[in-house]
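What follows is a single structure, written as structure tokens, with notes after it.
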Amino acid sequence: MKKIVEVLADREALTQRLLEVVQSKIQAAIIKQGICTIALAGGSTPKALYEAIATCDLPWEKIHVFWGDERYVPPDCPDSNQLMARQAWLDRVTIPAANIHPMPTGGIDPATDAVTYETELQEFFKVSAVKFPNFDIILLGIGDDAHTASLFPGTEALQVSDRLVTVGNKDGQPRITFTIPLINHAHCVIFIVAGASKKPALAQIFAPTGDAIAYPARFIQPNGELWWLLDTAAGEDLQPQTA
Ligand code: 6PG
């Protein structure tokens with residue numbers, strides 16, 4: 001694993017650096033294999049990046065967009081990660097509808113929808129039930145509690161090692177989420193972190209030793225590149241690491 005840690009001056013500088021890195025990774029993937037597969041983070045932090053990507057001139061027909069996690073709500077609910085990304089980015093570019101792969105949240109139950117999405121991933125990547133596909137890019141955030149995607153402290157989702165997608169649990173509310181092994185099979189994982197409220201979680205995540213069950217983002221150790229791109233408010237106490 002190659003780890004890069006960059007602390008940018010403010011949110012605007014963070015967005016610009018994110019745009020530079022993500023565009024570069026998208027273009028490299030397309031040169032290498034003809035398409036790029038990117039899984040989006042939810043929450044609020046990535047919105048500025050998504051709005052910036054929407055202004056880029058990219059070969060949208062070669063880009064396939066997935067989500068790394070989703071709240072278990074309808075796609076028109078204000079809490080929906082899919083809705084945020086569509087409004088900030090996907091509705092503003094000419095990406096084919098077939099290239100957008102939202103997590104289902106309207107099936108029989110969350111566990112069934114998790115299997116449905118897992119099957120969609122297996123069919124898209126043409127992998128068997130026991131193989132983990134390699135996303136080109138997975139974007140992630142962290143919560144103040146050091147969760148990432150919908151992998152929350154002390155939950156069963158942290159123990160799932162033989163599935164691509166599982167059911168997360170936030171204070172009893174179901175989520176659909178990538179599993180730790182799926183995330184760790186990505187070619188490039190990029191954490192997007194901003195705001196002073198994330199400092200305590202970052203201290204635990206970056207500590208030389210610690211309890212990953214309590215601080216789940218510690219589990220994210222991808223085979224490929226691990227990028228941490230932060231604003232100063234969040235990352236001022238961290239030691240930058242260059243590529
Ligand atoms: C979600 C996210 C989650 C998010 C963090 C940070 O569905 O909420 O996937 O993991 O990345 O909670 O959220 P903010 O960017 O809003 O701080």
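Please note that chains go A, B, ... in the order of the structure tokens, that every chain numbers its residues from 1, and that ligands are numbered from 1 in the order shown.
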Might you pull out every residue within 7 Å of region 74-82 of chain A, with only C-alpha atoms counted and same-chain residues fewer than 4 positions away left off, and present them as a list in words?
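Here the qualifying residues turn out to be Gly42, Gly43, Glu70, Arg86, Pro102, Thr105 and Gly106 of chain A.
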Write out as a ChimeraX atom specification which residues come within 12 Å of Ser161 (chain A) when counting only C-alpha atoms, dropping same-chain ones fewer than 2 positions away.
/A:130-132,156-159,163-166,178-185,219
What residues of the protein or nucleic acid chains come within 10 Å of ligand 1 when you use only C-alpha atoms and all ligand atoms? Reply as a PyMOL selection string.
chain A and resi 40-47+67-72+79-82+139-152+170+175-177+191-195+197-198+217
So how far away is CA of Ile205 (chain A) from CA of Gly224 (chain A), in Å?
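Between these atoms lies a distance of 18.6 Å.
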When DSSP is applied to the backbone of this structure, which of region 8-136 of chain A are assigned alpha helix (DSSP H)? Write them out as a PyMOL selection string.
chain A and resi 11-33+47-53+81-88+110-125
For Glu118 (chain A), which residue among A:Ile100, A:Ile220, A:Val167, A:Ala9 is the nearest when counting only C-alpha atoms?
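Comparing A:Ile100, A:Ile220, A:Val167, A:Ala9 against Glu118 (chain A), the winner is A:Val167.
When only C-alpha atoms are used to measure the gap to Ala129 (chain A), the shortest distance among A:Thr37, A:Pro216, A:Ser24, A:Val115 belongs to A:Val115.
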Tell me, which residues of region 28-172 of chain A carry DSSP strand (DSSP E or B), written as a list in words?
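Of region 28-172 of chain A, the ones in strand (DSSP E or B) are Cys36, Thr37, Ile38, Ala39, Leu40, Ile63, His64, Val65, Phe66, Trp67, Asp69, Glu70, Arg71, Ile100, His101, Ile137, Ile138, Leu139, Leu140, Thr148, Leu151, Val165, Thr166, Val167, Gly168, Asn169 and Lys170 of chain A.
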Length of the CA of Asn223 (chain A) to CA of Met1 (chain A) vector [Å]:
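Result for CA of Asn223 (chain A) versus CA of Met1 (chain A): 5.1 Å, one decimal.
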Which residue, A:Val22, A:Leu230, A:Ile31, A:Ala203, has the smallest gap to Arg218 (chain A) when you use only C-alpha atoms?
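Smallest distance to Arg218 (chain A) is found for A:Ala203.
Taking CA of Ala234 (chain A) as the reference point, CA of Thr209 (chain A) is found at 20.2 Å.
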Option closest in space to Val21 (chain A), from A:Ile63, A:Leu49, A:Ala114, A:Ala54 [counting only C-alpha atoms]:
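Using only C-alpha atoms, Val21 (chain A) sits closest to A:Leu49.
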If we count only C-alpha atoms, what is near Ala29 (chain A) at a cut-off of 12 Å, once residues fewer than 2 positions away on the same chain are taken out, given as a compact mmCIF listing (two decimals) with all heavy atoms, in the first residue's frame?
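The resulting file, result14.txt, is shown below:
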```txt
# COMPACT_ATOMS: atom_id res chain seq x y z
N VAL A 22 -8.63 13.24 -8.54
CA VAL A 22 -9.69 12.37 -9.06
C VAL A 22 -9.70 12.38 -10.58
O VAL A 22 -9.77 11.32 -11.22
CB VAL A 22 -11.07 12.79 -8.49
CG1 VAL A 22 -12.21 12.06 -9.20
CG2 VAL A 22 -11.12 12.52 -6.98
N GLN A 23 -9.57 13.56 -11.18
CA GLN A 23 -9.51 13.61 -12.66
C GLN A 23 -8.34 12.78 -13.19
O GLN A 23 -8.48 12.02 -14.14
CB GLN A 23 -9.33 15.06 -13.13
CG GLN A 23 -10.60 15.85 -13.29
CD GLN A 23 -10.35 17.10 -14.11
OE1 GLN A 23 -10.73 17.15 -15.27
NE2 GLN A 23 -9.72 18.09 -13.53
N SER A 24 -7.22 12.90 -12.53
CA SER A 24 -6.02 12.18 -12.97
C SER A 24 -6.25 10.66 -12.89
O SER A 24 -5.90 9.91 -13.80
CB SER A 24 -4.84 12.59 -12.07
OG SER A 24 -3.79 11.66 -12.18
N LYS A 25 -6.89 10.22 -11.80
CA LYS A 25 -7.14 8.78 -11.63
C LYS A 25 -8.19 8.29 -12.63
O LYS A 25 -8.10 7.17 -13.15
CB LYS A 25 -7.59 8.50 -10.20
CG LYS A 25 -6.56 8.81 -9.12
CD LYS A 25 -5.29 8.01 -9.30
CE LYS A 25 -4.25 8.37 -8.24
NZ LYS A 25 -2.95 7.71 -8.49
N ILE A 26 -9.19 9.11 -12.91
CA ILE A 26 -10.21 8.74 -13.91
C ILE A 26 -9.56 8.58 -15.28
O ILE A 26 -9.74 7.56 -15.95
CB ILE A 26 -11.34 9.80 -13.96
CG1 ILE A 26 -12.20 9.74 -12.70
CG2 ILE A 26 -12.19 9.63 -15.23
CD1 ILE A 26 -13.24 10.87 -12.59
N GLN A 27 -8.76 9.56 -15.65
CA GLN A 27 -8.13 9.52 -16.98
C GLN A 27 -7.14 8.36 -17.10
O GLN A 27 -7.10 7.66 -18.12
CB GLN A 27 -7.47 10.87 -17.28
CG GLN A 27 -8.51 11.94 -17.57
CD GLN A 27 -8.01 13.37 -17.36
OE1 GLN A 27 -6.97 13.59 -16.75
NE2 GLN A 27 -8.78 14.34 -17.83
N ILE A 31 -7.37 5.30 -19.82
CA ILE A 31 -6.25 4.97 -20.72
C ILE A 31 -5.88 3.50 -20.57
O ILE A 31 -5.63 2.78 -21.54
CB ILE A 31 -5.03 5.86 -20.40
CG1 ILE A 31 -5.28 7.30 -20.84
CG2 ILE A 31 -3.74 5.32 -21.03
CD1 ILE A 31 -4.27 8.31 -20.29
N LYS A 32 -5.93 3.02 -19.34
CA LYS A 32 -5.48 1.63 -19.08
C LYS A 32 -6.48 0.59 -19.57
O LYS A 32 -6.12 -0.45 -20.12
CB LYS A 32 -5.26 1.47 -17.56
CG LYS A 32 -4.76 0.10 -17.12
CD LYS A 32 -4.59 0.06 -15.63
CE LYS A 32 -4.31 -1.37 -15.13
NZ LYS A 32 -4.52 -1.48 -13.66
N GLN A 33 -7.78 0.83 -19.35
CA GLN A 33 -8.74 -0.25 -19.58
C GLN A 33 -10.01 0.19 -20.31
O GLN A 33 -10.95 -0.57 -20.46
CB GLN A 33 -9.15 -0.87 -18.23
CG GLN A 33 -9.98 0.03 -17.39
CD GLN A 33 -9.80 -0.19 -15.89
OE1 GLN A 33 -8.93 -0.91 -15.43
NE2 GLN A 33 -10.64 0.48 -15.12
N GLY A 34 -10.04 1.48 -20.69
CA GLY A 34 -11.18 1.94 -21.50
C GLY A 34 -12.34 2.50 -20.72
O GLY A 34 -13.19 3.19 -21.28
N ILE A 35 -12.40 2.15 -19.44
CA ILE A 35 -13.44 2.73 -18.58
C ILE A 35 -12.84 3.03 -17.22
O ILE A 35 -11.72 2.60 -16.90
CB ILE A 35 -14.64 1.77 -18.38
CG1 ILE A 35 -14.24 0.51 -17.62
CG2 ILE A 35 -15.34 1.44 -19.69
CD1 ILE A 35 -15.42 -0.27 -17.05
N CYS A 36 -13.63 3.79 -16.41
CA CYS A 36 -13.25 4.03 -15.01
C CYS A 36 -14.43 3.67 -14.13
O CYS A 36 -15.58 4.03 -14.43
CB CYS A 36 -12.89 5.50 -14.78
SG CYS A 36 -12.61 5.89 -13.04
N THR A 37 -14.16 2.95 -13.05
CA THR A 37 -15.21 2.65 -12.06
C THR A 37 -14.91 3.43 -10.79
O THR A 37 -13.82 3.31 -10.21
CB THR A 37 -15.25 1.14 -11.75
OG1 THR A 37 -13.96 0.71 -11.31
CG2 THR A 37 -15.67 0.34 -12.97
N ILE A 38 -15.85 4.25 -10.37
CA ILE A 38 -15.68 5.09 -9.19
C ILE A 38 -16.87 4.92 -8.26
O ILE A 38 -18.02 4.92 -8.71
CB ILE A 38 -15.48 6.58 -9.57
CG1 ILE A 38 -15.30 7.46 -8.32
CG2 ILE A 38 -16.61 7.09 -10.45
CD1 ILE A 38 -14.88 8.90 -8.62
N PRO A 59 -14.83 12.12 -20.57
CA PRO A 59 -15.58 11.17 -21.42
C PRO A 59 -16.60 10.41 -20.58
O PRO A 59 -16.37 9.28 -20.15
CB PRO A 59 -14.48 10.26 -21.97
CG PRO A 59 -13.40 10.29 -20.96
CD PRO A 59 -13.45 11.65 -20.34
N LYS A 62 -17.54 6.76 -20.56
CA LYS A 62 -16.54 5.76 -20.13
C LYS A 62 -16.42 5.68 -18.61
O LYS A 62 -15.56 4.99 -18.07
CB LYS A 62 -15.18 6.09 -20.74
CG LYS A 62 -15.18 5.98 -22.26
CD LYS A 62 -13.85 6.33 -22.86
CE LYS A 62 -13.89 6.17 -24.38
NZ LYS A 62 -12.62 6.62 -25.02
N ILE A 63 -17.27 6.43 -17.93
CA ILE A 63 -17.20 6.48 -16.47
C ILE A 63 -18.43 5.81 -15.86
O ILE A 63 -19.57 6.13 -16.23
CB ILE A 63 -17.09 7.94 -15.99
CG1 ILE A 63 -15.80 8.57 -16.55
CG2 ILE A 63 -17.12 8.03 -14.46
CD1 ILE A 63 -15.70 10.08 -16.34
N HIS A 64 -18.21 4.87 -14.96
CA HIS A 64 -19.31 4.17 -14.26
C HIS A 64 -19.27 4.56 -12.79
O HIS A 64 -18.22 4.42 -12.14
CB HIS A 64 -19.19 2.66 -14.45
CG HIS A 64 -19.63 2.20 -15.80
ND1 HIS A 64 -20.89 1.70 -16.05
CD2 HIS A 64 -18.97 2.21 -16.98
CE1 HIS A 64 -21.00 1.40 -17.33
NE2 HIS A 64 -19.85 1.70 -17.93
N ASN A 134 -11.95 -5.04 -8.33
CA ASN A 134 -11.06 -3.91 -8.01
C ASN A 134 -11.61 -2.61 -8.60
O ASN A 134 -11.47 -2.36 -9.79
CB ASN A 134 -9.66 -4.17 -8.59
CG ASN A 134 -9.10 -5.51 -8.15
OD1 ASN A 134 -8.99 -6.45 -8.94
ND2 ASN A 134 -8.72 -5.61 -6.90
N PHE A 135 -12.25 -1.82 -7.74
CA PHE A 135 -12.68 -0.49 -8.19
C PHE A 135 -11.45 0.36 -8.51
O PHE A 135 -10.40 0.23 -7.84
CB PHE A 135 -13.51 0.21 -7.10
CG PHE A 135 -14.97 -0.17 -7.13
CD1 PHE A 135 -15.42 -1.28 -6.46
CD2 PHE A 135 -15.88 0.61 -7.84
CE1 PHE A 135 -16.76 -1.63 -6.48
CE2 PHE A 135 -17.23 0.27 -7.87
CZ PHE A 135 -17.67 -0.85 -7.19
N ASP A 136 -11.58 1.22 -9.51
CA ASP A 136 -10.46 2.12 -9.80
C ASP A 136 -10.32 3.16 -8.68
O ASP A 136 -9.22 3.44 -8.21
CB ASP A 136 -10.69 2.84 -11.14
CG ASP A 136 -10.67 1.85 -12.30
OD1 ASP A 136 -9.67 1.12 -12.42
OD2 ASP A 136 -11.67 1.79 -13.04
N ILE A 137 -11.47 3.71 -8.27
CA ILE A 137 -11.46 4.76 -7.24
C ILE A 137 -12.61 4.51 -6.27
O ILE A 137 -13.75 4.26 -6.71
CB ILE A 137 -11.67 6.16 -7.87
CG1 ILE A 137 -10.66 6.44 -8.99
CG2 ILE A 137 -11.62 7.26 -6.81
CD1 ILE A 137 -11.06 7.60 -9.89
N HIS A 187 -8.06 -0.06 -6.36
CA HIS A 187 -6.75 0.43 -6.81
C HIS A 187 -6.38 1.74 -6.10
O HIS A 187 -5.20 2.02 -5.88
CB HIS A 187 -6.79 0.66 -8.32
CG HIS A 187 -6.91 -0.59 -9.12
ND1 HIS A 187 -6.06 -1.66 -8.97
CD2 HIS A 187 -7.81 -0.96 -10.09
CE1 HIS A 187 -6.42 -2.63 -9.82
NE2 HIS A 187 -7.47 -2.23 -10.50
N CYS A 188 -7.43 2.54 -5.80
CA CYS A 188 -7.16 3.84 -5.16
C CYS A 188 -8.33 4.21 -4.24
O CYS A 188 -9.47 4.28 -4.69
CB CYS A 188 -6.99 4.91 -6.24
SG CYS A 188 -6.71 6.56 -5.58
```
Point out the residue among A:Ile138, A:Leu83, A:Ile30, A:Ala233 with the least atom-to-atom distance to Val65 (chain A), counting only C-alpha atoms.
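When distances to Val65 (chain A) are compared using only C-alpha atoms, the smallest one comes from A:Ile138.
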